[in-house]
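Here is the structure we will look at, set down as structure tokens.
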Amino acid sequence: MSKTKTKSAIQPTREEDYPEWYQEVIKAADLAEVSPVRGCMVIKPWGFGIWENMQRVLDGMFKATGHENAYFPLFIPKHFLEQEAEHVEGFAKECAIVTHHRLEPGPDGKLVPAGPLEEPLIIRPTSETIIGHMFAKWVQSHRDLPILINQWCNVVRWEMRTRLFLRTAEFLWQEGHTVHATSEEAWQETRQMLDVYADFAENYMAMPVIKGEKTVGERFPGAVSTLTIEAMMQDRKALQAGTSHFLGQNFAKAQDIKFQSESGELQFAWTTSWGLSTRMVGALIMTHSDDDGLVLPPKLAPKHVVVLPIYRSDEEKSQVLAYCDSLERRLREKSYGGVPLGVIRDDRDIRGGEKKWYHIKRGVPLRVEIGPRDVASDKVFVGRRDQPKPSDMECGEFTANVAQILDDIQDGLYQRALHLRTENTRDIDSLEEFQEFFTPQSENKPEIHGGFAVCQFHECEELDEILKRLKVTIRCVPLDDQSRPGTCIFTGKQSQQIGVFAKAY
RNA sequence: CGGGGUGUAGCGCAGCCUGGCUAGCGCGUCUGGUUUGGGACCAGAAGGUCGUAGGUUCGAAUCCUAUCACCCCGACCA
């Protein structure tokens with residue numbers, strides 16, 4: 001055992017080459033693959049199943065907080081994007097543009113674009129402008145407010161680098177857009193949705209997050225304030241997992257979203273927007289998976305239990321399968337996390353070991369192996385994805401406790417992730433220590449190092465340069481920590497706030 | 001968009017420098033057999049316009065030119 005134990009299902013291991021490990025986990029779990037289209041991925045059923053669960057949970061949360069779903073066009077007329085100055089500047093470089101509406105055969109027989117459009121159409125990188133345009137029509141009176149809208153859709157941002165789920169030219173997300181009569185109410189909405197995201201991350205993804213505010217440099221283009229949830233991946237880098245923006249009156253003024261107040265005067269409205277994308281699937285992978293492949297938090301797993309019948313003769317087969325039928329029936333009556341327990345059976349005619357590893361690599365939380373011996377003793381052989389060794393259980397005990405076992409896995413994953421973050425978060429009060437913290441031992445092939453550094457700081461150009469050199473970014477100013485006066489550890493200037501610093505995706 | 005690299009079977013690669021029989025290897029696939037509470041073994045088989053277009057040559061995966069795509073390092077980013 002000790003001899004073979006060193007070999008993991010995924011190679012390289014996290015320690016050996018984290019980025020490569022990440023790619024291999026996706027491949028081994030059959031979540032997605034690169035497409036023939038530059039920068040775009042194909043999400044395969046197992047990966048899309050995770051996203052569907054994310055959608056289901058989040059959609060429920062949005063509706064519980066009073067939001068409604070709607071749909072707006074994929075195309076945005078170019079001049080819409082030009083309305084808000086900072087917004088244009090932030091997104092112009094990464095826009096895909098449609099300039100024609102027809103194809104015609106060219107001289108060499110190949111199709112060439114014809115019928116140029118009078119005004120080019122931008123493929124939405126985000127929908128503030130098109131939705132704001134509609135809002136301007138919908139809002140007349142204070143009685144029309146608030147407007148609480150969410151849309152599930154795809155967006156395109158023409159990025160240079162591609163990493164499956166983390167950064168692709170096209171990705172899926174939800175974007176919430178709301179309009180309010182007062183600044184206070186819009187702020188409250190911005191905070192509320194950040195809390196919804198944090199709730200989702202911690203209680204469904206089992207991923208601890210830090211809630212914070214982005215600094216000016218990291219803010220959403222056009223926003224007054226951007227709130228974020230930041231998570232630590234297993235390579236100790238930070239991943240921005242969701243953002244909620246207080247847009248103030250910037251977009252309302254740019255797009256003329258006005259209403260008549262109770263007292264009859266015309267006022268600009270206050271807007272917010274908030275979004276969370278398929279990047280969360282990447283976050284989930286990098287938070288929990290191990291050197292044997294994907295590990296899924298049960299609350300978002302497309303399936304919870306896989307039943308693996310084991311038999312040789314036809315006689316054994318009928319016995320074992322009958323037993324599986326009855327077990328599966330009982331399991332399907334159960335529910336977990338508000339949905340029926342997801343049970344699948346794998347009775348493909350392949351070797352048992354191969355089959356077992358197939359499901360380990362895909363991250364199915366529970367494997368139940370049933371052979372003639374188990375049938376005879378009314379036991380099941382239960383393998384938990386979060387534990388190396390399977391164990392025998394009374395069949396009745398298993399079916400009675402399956403939800404609790406899944407909860408236990410869910411909780412264990414959260415605790416493990418929280419532990420990693422706690423272990424690798426450090427309060428730092430000198431530049432020397434900061435540099436040491438973020439400098440790998442070996443320069444050529446940097447080992448996993450660093451983490452979250454919590455430091456007193458003051459935003460300025462000098463700080464930007466230091467951070468750029470170290471490839472570190474300010475993740476956020478944590479909301480939980482009250483601002484406190486002190487000295488910037490980088491420049492010695494007066495400082496009013498502390499920040500979380502990390503290398504980031 | 002700058003700097004570097006790679007395109008050869010479904011996947012991973014060798015061959016290229018120094019041009020030469022019918023382009024190889026590993027994994028996977030298929031067939032047969034032996035196995036069977038564990039990612040097995042043996043034997044056999046299928047599968048390639050060597051990224052694309054042009055050029056040099058008696059002869060090009062190999063040399064030259066152009067082009068496209070992808071990867072890595074920068075700049076940008078949910």
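Each chain of the structure tokens is named A, B, ... in the order shown, its residues numbered from 1; ligands are numbered from 1 in display order.
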
Return as a PyMOL selection string the residues belonging to chain B that are within 7 Å of chain A, counting only C-alpha atoms (C1' of nucleotides).
chain B and resi 38-39+77-78

Can you tell me which residues surround stretch 43-58 of chain B at a distance of at most 10 Å, considering only C-alpha atoms (C1' of nucleotides), apart from same-chain residues fewer than 3 positions away, and format the answer as a list in words?
G7, U8, A9, G10, G19, A23, U29, C30, U31, G32, G33, A61, U62, C63, C64, U65, A66, U67, C68 and A69 of chain B

May I have the residues from that selection written out with C-alpha atoms (C1' of nucleotides), as a tab-separated table (two decimals), in the first residue's frame?
chain	number	residue	atom	x	y	z
B	7	G	C1'	1.99	22.41	-34.49
B	8	U	C1'	3.42	14.62	-36.68
B	9	A	C1'	-2.91	8.95	-35.18
B	10	G	C1'	-8.32	10.41	-30.32
B	19	G	C1'	16.71	15.75	-46.67
B	23	A	C1'	6.93	7.96	-40.69
B	29	U	C1'	-9.65	2.36	-29.14
B	30	C	C1'	-11.22	-2.46	-31.43
B	31	U	C1'	-10.87	-8.25	-31.53
B	32	G	C1'	-9.74	-12.81	-29.00
B	33	G	C1'	-8.17	-15.09	-24.56
B	61	A	C1'	7.90	15.77	-41.57
B	62	U	C1'	13.15	17.43	-42.17
B	63	C	C1'	15.82	23.22	-45.72
B	64	C	C1'	13.61	28.41	-47.22
B	65	U	C1'	9.38	32.06	-47.40
B	66	A	C1'	4.60	33.40	-46.08
B	67	U	C1'	0.37	32.46	-43.24
B	68	C	C1'	-2.88	30.47	-39.41
B	69	A	C1'	-3.62	28.35	-34.69

Residues of stretch 138-182 of chain A classed as strand (DSSP E or B) by DSSP on the backbone are to be reported as a CSV table (one decimal) with C-alpha atoms, in the first residue's frame.
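What ended up in states.csv:
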chain,number,residue,atom,x,y,z
A,141,SER,CA,-42.4,58.4,-10.4
A,147,ILE,CA,-36.7,48.2,-9.6
A,148,LEU,CA,-35.0,45.0,-8.8
A,149,ILE,CA,-33.9,43.0,-11.9
A,150,ASN,CA,-31.6,40.1,-12.5
A,151,GLN,CA,-30.5,38.5,-15.8
A,152,TRP,CA,-28.8,35.2,-16.4
A,153,CYS,CA,-26.8,35.4,-19.6
A,154,ASN,CA,-23.5,35.2,-21.4
A,155,VAL,CA,-21.1,38.1,-21.8
A,156,VAL,CA,-17.9,38.6,-23.8
A,163,ARG,CA,-7.9,29.6,-18.4
A,167,ARG,CA,-10.9,33.6,-17.6
A,170,GLU,CA,-17.2,34.3,-23.3
A,171,PHE,CA,-18.5,33.4,-19.9
A,172,LEU,CA,-21.9,32.8,-18.2
A,173,TRP,CA,-23.0,34.8,-15.3
A,174,GLN,CA,-25.9,36.6,-13.6
A,175,GLU,CA,-26.0,40.4,-13.4
A,176,GLY,CA,-28.3,42.2,-11.1
A,177,HIS,CA,-29.4,45.7,-11.8
A,178,THR,CA,-31.5,47.8,-9.4
A,179,VAL,CA,-32.8,51.4,-9.2
A,180,HIS,CA,-33.6,53.1,-6.0

Please return, as a count of residues only, all residues of stretch 24-249 of chain A that DSSP assigns to helix (DSSP H, G or I) on the basis of the backbone.
77

Find the spatial neighbours of A:Ser261, counting only C-alpha atoms (C1' of nucleotides), within a cut-off of 8 Å - ignore same-chain residues fewer than 4 positions away - and output them as number ranges by chain.
A: 141-142, 265-267

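Considering only C-alpha atoms, the residue among A:Ala403, A:Ser273, A:Gly49, A:Ser183 positioned nearest to A:Ser127 is A:Ser273.
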
Write out as a count of residues only which residues come within 12 Å of A:Gly264 when counting only C-alpha atoms (C1' of nucleotides), dropping same-chain ones fewer than 4 positions away.
7

Write out as a list of chain:residue names which residues come within 6 Å of A:Ala206 when counting only C-alpha atoms (C1' of nucleotides), dropping same-chain ones fewer than 3 positions away.
A:Glu202, A:Asn203, A:Tyr414

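For the pair atom C1' of B:G12 and atom CA of A:Pro45, the interatomic distance is 24.9 Å.
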